[in-house]
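Here is the structure we will look at, set down as structure tokens.
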Amino acid sequence: MKCMYCGCTDSKVVDSRATDDGSSIRRRRECTACGKRFTTYETIEMTPILVIKSGGTRETFDENKIKNGIIKACEKRPVPMYKIDKLVESIKKEIYNSLEQEVSSKQIGEMVMAGLREIDEVAYVRFASVYHSFKDITTFMKELEKMMKAKS
């Protein structure tokens, strides 16, 4: 690690601790040449995951898009934020643990629907109605009937 003051590449670690969220390690270093201290952060290098959209285009995976969609589906429902965060985190882990560099938006949508079905049925139906682009009441009713059969 190069010293930001003198450019020397030799330094020693004086203090090391995890950040508040535990996602990285903060290290206080001291340059052996000039004696000045500086801070570095060590984080896990994440391989970028691409999402293949239904039209064939690709974009970088963004967990915030998933979270925003779930929040919209859960609007005015008694779903605590920690459950939404837990669902987003489990979807993110599943995607990264698959070791695939590309994932389809359809796969992500199915994961969200499976998680919402467990959390809140109304939120699930809301998300499904947008995700499946229900055209009329009959397609909406078919989805509800599937849900009722699965429940019993």
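In the structure tokens, the first chain shown is A, the next is B, and so on; residue numbers restart at 1 for each chain, and ligands run from 1 in the order shown.
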So which bits of chain A end up strand (DSSP E) when you DSSP the backbone, as an MDAnalysis selection string? chainID A and resid 11:18 24:31 37:43 50:52 58:60 102:104
Would you put the residues from that selection into a file with N, CA and C atoms, as a CSV table (one decimal), in the first residue's frame?
```
chain,number,residue,atom,x,y,z
A,11,SER,N,4.6,0.1,4.7
A,11,SER,CA,3.8,0.6,5.9
A,11,SER,C,3.5,-0.5,6.8
A,12,LYS,N,3.2,-0.2,8.0
A,12,LYS,CA,2.8,-1.2,9.0
A,12,LYS,C,1.4,-0.9,9.5
A,13,VAL,N,0.6,-2.0,9.8
A,13,VAL,CA,-0.7,-1.9,10.3
A,13,VAL,C,-0.7,-1.6,11.8
A,14,VAL,N,-1.3,-0.4,12.2
A,14,VAL,CA,-1.3,0.0,13.6
A,14,VAL,C,-2.5,-0.5,14.3
A,15,ASP,N,-3.7,-0.5,13.6
A,15,ASP,CA,-5.0,-0.9,14.2
A,15,ASP,C,-5.8,-1.5,13.1
A,16,SER,N,-6.6,-2.5,13.4
A,16,SER,CA,-7.5,-3.1,12.4
A,16,SER,C,-8.8,-3.5,13.1
A,17,ARG,N,-9.9,-3.1,12.4
A,17,ARG,CA,-11.2,-3.4,13.0
A,17,ARG,C,-12.3,-3.4,11.9
A,18,ALA,N,-13.3,-4.2,12.1
A,18,ALA,CA,-14.4,-4.3,11.1
A,18,ALA,C,-15.2,-3.0,11.2
A,24,SER,N,-16.6,-4.6,5.6
A,24,SER,CA,-15.2,-4.3,5.2
A,24,SER,C,-14.4,-4.2,6.5
A,25,ILE,N,-13.1,-4.2,6.3
A,25,ILE,CA,-12.2,-4.0,7.5
A,25,ILE,C,-11.4,-2.7,7.3
A,26,ARG,N,-11.4,-1.9,8.4
A,26,ARG,CA,-10.7,-0.6,8.4
A,26,ARG,C,-9.4,-0.8,9.0
A,27,ARG,N,-8.3,-0.4,8.3
A,27,ARG,CA,-7.0,-0.5,8.8
A,27,ARG,C,-6.3,0.8,8.9
A,28,ARG,N,-5.7,1.1,10.1
A,28,ARG,CA,-4.9,2.3,10.3
A,28,ARG,C,-3.5,1.9,10.0
A,29,ARG,N,-2.8,2.6,9.1
A,29,ARG,CA,-1.4,2.2,8.8
A,29,ARG,C,-0.5,3.4,9.1
A,30,GLU,N,0.7,3.0,9.3
A,30,GLU,CA,1.8,4.0,9.5
A,30,GLU,C,2.9,3.8,8.5
A,31,CYS,N,3.3,4.9,7.8
A,31,CYS,CA,4.3,4.8,6.8
A,31,CYS,C,5.7,4.6,7.5
A,37,ARG,N,0.3,8.7,9.4
A,37,ARG,CA,-0.7,7.6,9.4
A,37,ARG,C,-1.8,7.9,8.4
A,38,PHE,N,-2.4,6.8,7.8
A,38,PHE,CA,-3.5,6.9,6.9
A,38,PHE,C,-4.4,5.6,7.1
A,39,THR,N,-5.6,5.7,6.5
A,39,THR,CA,-6.6,4.6,6.7
A,39,THR,C,-6.8,4.0,5.3
A,40,THR,N,-6.9,2.6,5.4
A,40,THR,CA,-7.3,1.9,4.2
A,40,THR,C,-8.5,1.0,4.6
A,41,TYR,N,-9.2,0.6,3.6
A,41,TYR,CA,-10.4,-0.3,3.8
A,41,TYR,C,-10.2,-1.6,2.9
A,42,GLU,N,-10.4,-2.7,3.5
A,42,GLU,CA,-10.4,-4.0,2.7
A,42,GLU,C,-11.8,-4.5,2.6
A,43,THR,N,-12.2,-4.8,1.3
A,43,THR,CA,-13.5,-5.3,1.1
A,43,THR,C,-13.4,-6.5,0.1
A,50,LEU,N,-24.7,-9.7,-14.4
A,50,LEU,CA,-25.6,-9.0,-15.4
A,50,LEU,C,-27.0,-9.6,-15.4
A,51,VAL,N,-28.0,-8.8,-15.5
A,51,VAL,CA,-29.4,-9.2,-15.6
A,51,VAL,C,-29.8,-9.2,-17.0
A,52,ILE,N,-30.3,-10.3,-17.5
A,52,ILE,CA,-30.8,-10.3,-18.9
A,52,ILE,C,-32.2,-10.0,-18.9
A,58,ARG,N,-29.0,-6.3,-21.5
A,58,ARG,CA,-28.3,-6.6,-20.3
A,58,ARG,C,-28.0,-5.4,-19.5
A,59,GLU,N,-28.2,-5.5,-18.1
A,59,GLU,CA,-27.8,-4.4,-17.3
A,59,GLU,C,-27.2,-5.0,-16.0
A,60,THR,N,-26.5,-4.2,-15.3
A,60,THR,CA,-25.9,-4.6,-14.0
A,60,THR,C,-26.9,-4.9,-13.0
A,102,GLU,N,-24.5,-14.3,-15.3
A,102,GLU,CA,-25.7,-13.7,-15.9
A,102,GLU,C,-27.0,-14.4,-15.3
A,103,VAL,N,-28.0,-13.6,-15.0
A,103,VAL,CA,-29.2,-14.1,-14.5
A,103,VAL,C,-30.4,-13.4,-15.2
A,104,SER,N,-31.4,-14.2,-15.5
A,104,SER,CA,-32.5,-13.5,-16.2
A,104,SER,C,-33.4,-12.8,-15.2
```
Restricting to only C-alpha atoms, whichever of A:Ser90, A:Ser133, A:Thr138, A:Ser23 is closest to A:Lys67 is A:Ser90
Contacts of A:Glu121 within 10 Å, only C-alpha atoms, excl. fewer than 6 positions in-chain, as a ChimeraX atom specification: /A:74,113,127,144,147
Restricting the calculation to only C-alpha atoms, which member of A:Val122, A:Leu116, A:Ala33, A:Leu99 is positioned closest to A:Thr47? A:Leu99
Please identify all polymer residues within 10 Å of stretch 105-109 of chain A, counting only C-alpha atoms, omitting same-chain residues fewer than 6 positions from it, and present them as a PyMOL selection string. chain A and resi 50-54+58+61+66+69+91-92+94-95+115+127-128+131-132
Would you export the selected residues with C-alpha atoms as a PDB file, in the first residue's frame, please?
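Listing of selection-v1.pdb after writing:
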```pdb
ATOM      1  CA  LEU A  50     -25.583  -9.011 -15.388  1.00  0.00           C
ATOM      2  CA  VAL A  51     -29.359  -9.235 -15.576  1.00  0.00           C
ATOM      3  CA  ILE A  52     -30.764 -10.339 -18.920  1.00  0.00           C
ATOM      4  CA  LYS A  53     -33.992  -8.426 -19.482  1.00  0.00           C
ATOM      5  CA  SER A  54     -36.955  -9.905 -21.378  1.00  0.00           C
ATOM      6  CA  ARG A  58     -28.319  -6.638 -20.260  1.00  0.00           C
ATOM      7  CA  PHE A  61     -27.601  -6.363 -11.119  1.00  0.00           C
ATOM      8  CA  ILE A  66     -35.658  -5.584  -6.168  1.00  0.00           C
ATOM      9  CA  GLY A  69     -40.433  -3.457  -6.194  1.00  0.00           C
ATOM     10  CA  ILE A  91     -32.359 -13.289  -3.184  1.00  0.00           C
ATOM     11  CA  LYS A  92     -28.979 -11.549  -3.487  1.00  0.00           C
ATOM     12  CA  GLU A  94     -28.997 -16.993  -4.037  1.00  0.00           C
ATOM     13  CA  ILE A  95     -27.927 -15.069  -7.139  1.00  0.00           C
ATOM     14  CA  GLY A 115     -40.526 -14.897  -1.091  1.00  0.00           C
ATOM     15  CA  PHE A 127     -46.404  -8.101  -7.405  1.00  0.00           C
ATOM     16  CA  ALA A 128     -47.697 -10.972  -9.559  1.00  0.00           C
ATOM     17  CA  TYR A 131     -44.972  -9.084 -13.066  1.00  0.00           C
ATOM     18  CA  HIS A 132     -47.352 -11.223 -15.140  1.00  0.00           C
TER      19      HIS A 132
END
```
Computed interatomic separation between atom CA of A:Ser152 and atom CA of A:Asp120 (Å): 16.4 Å
Return the single residue from A:Glu143, A:Cys3, A:Lys65, A:Asp21 that is closest to A:Cys34, with distances computed using only C-alpha atoms. A:Cys3
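Using only C-alpha atoms, the smallest distance between any of A:Ala114, A:Ile44, A:Leu87, A:Val130 and A:Ala73 comes from A:Val130.
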Could you please determine the separation between atom CA of A:Pro48 and atom CA of A:Gly22 in Å, to one decimal place?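 These two atoms are separated by 20.5 Å.
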Alpha helix (DSSP H) positions in stretch 78-109 of chain A, given as a ChimeraX atom specification: /A:81-97,105-109
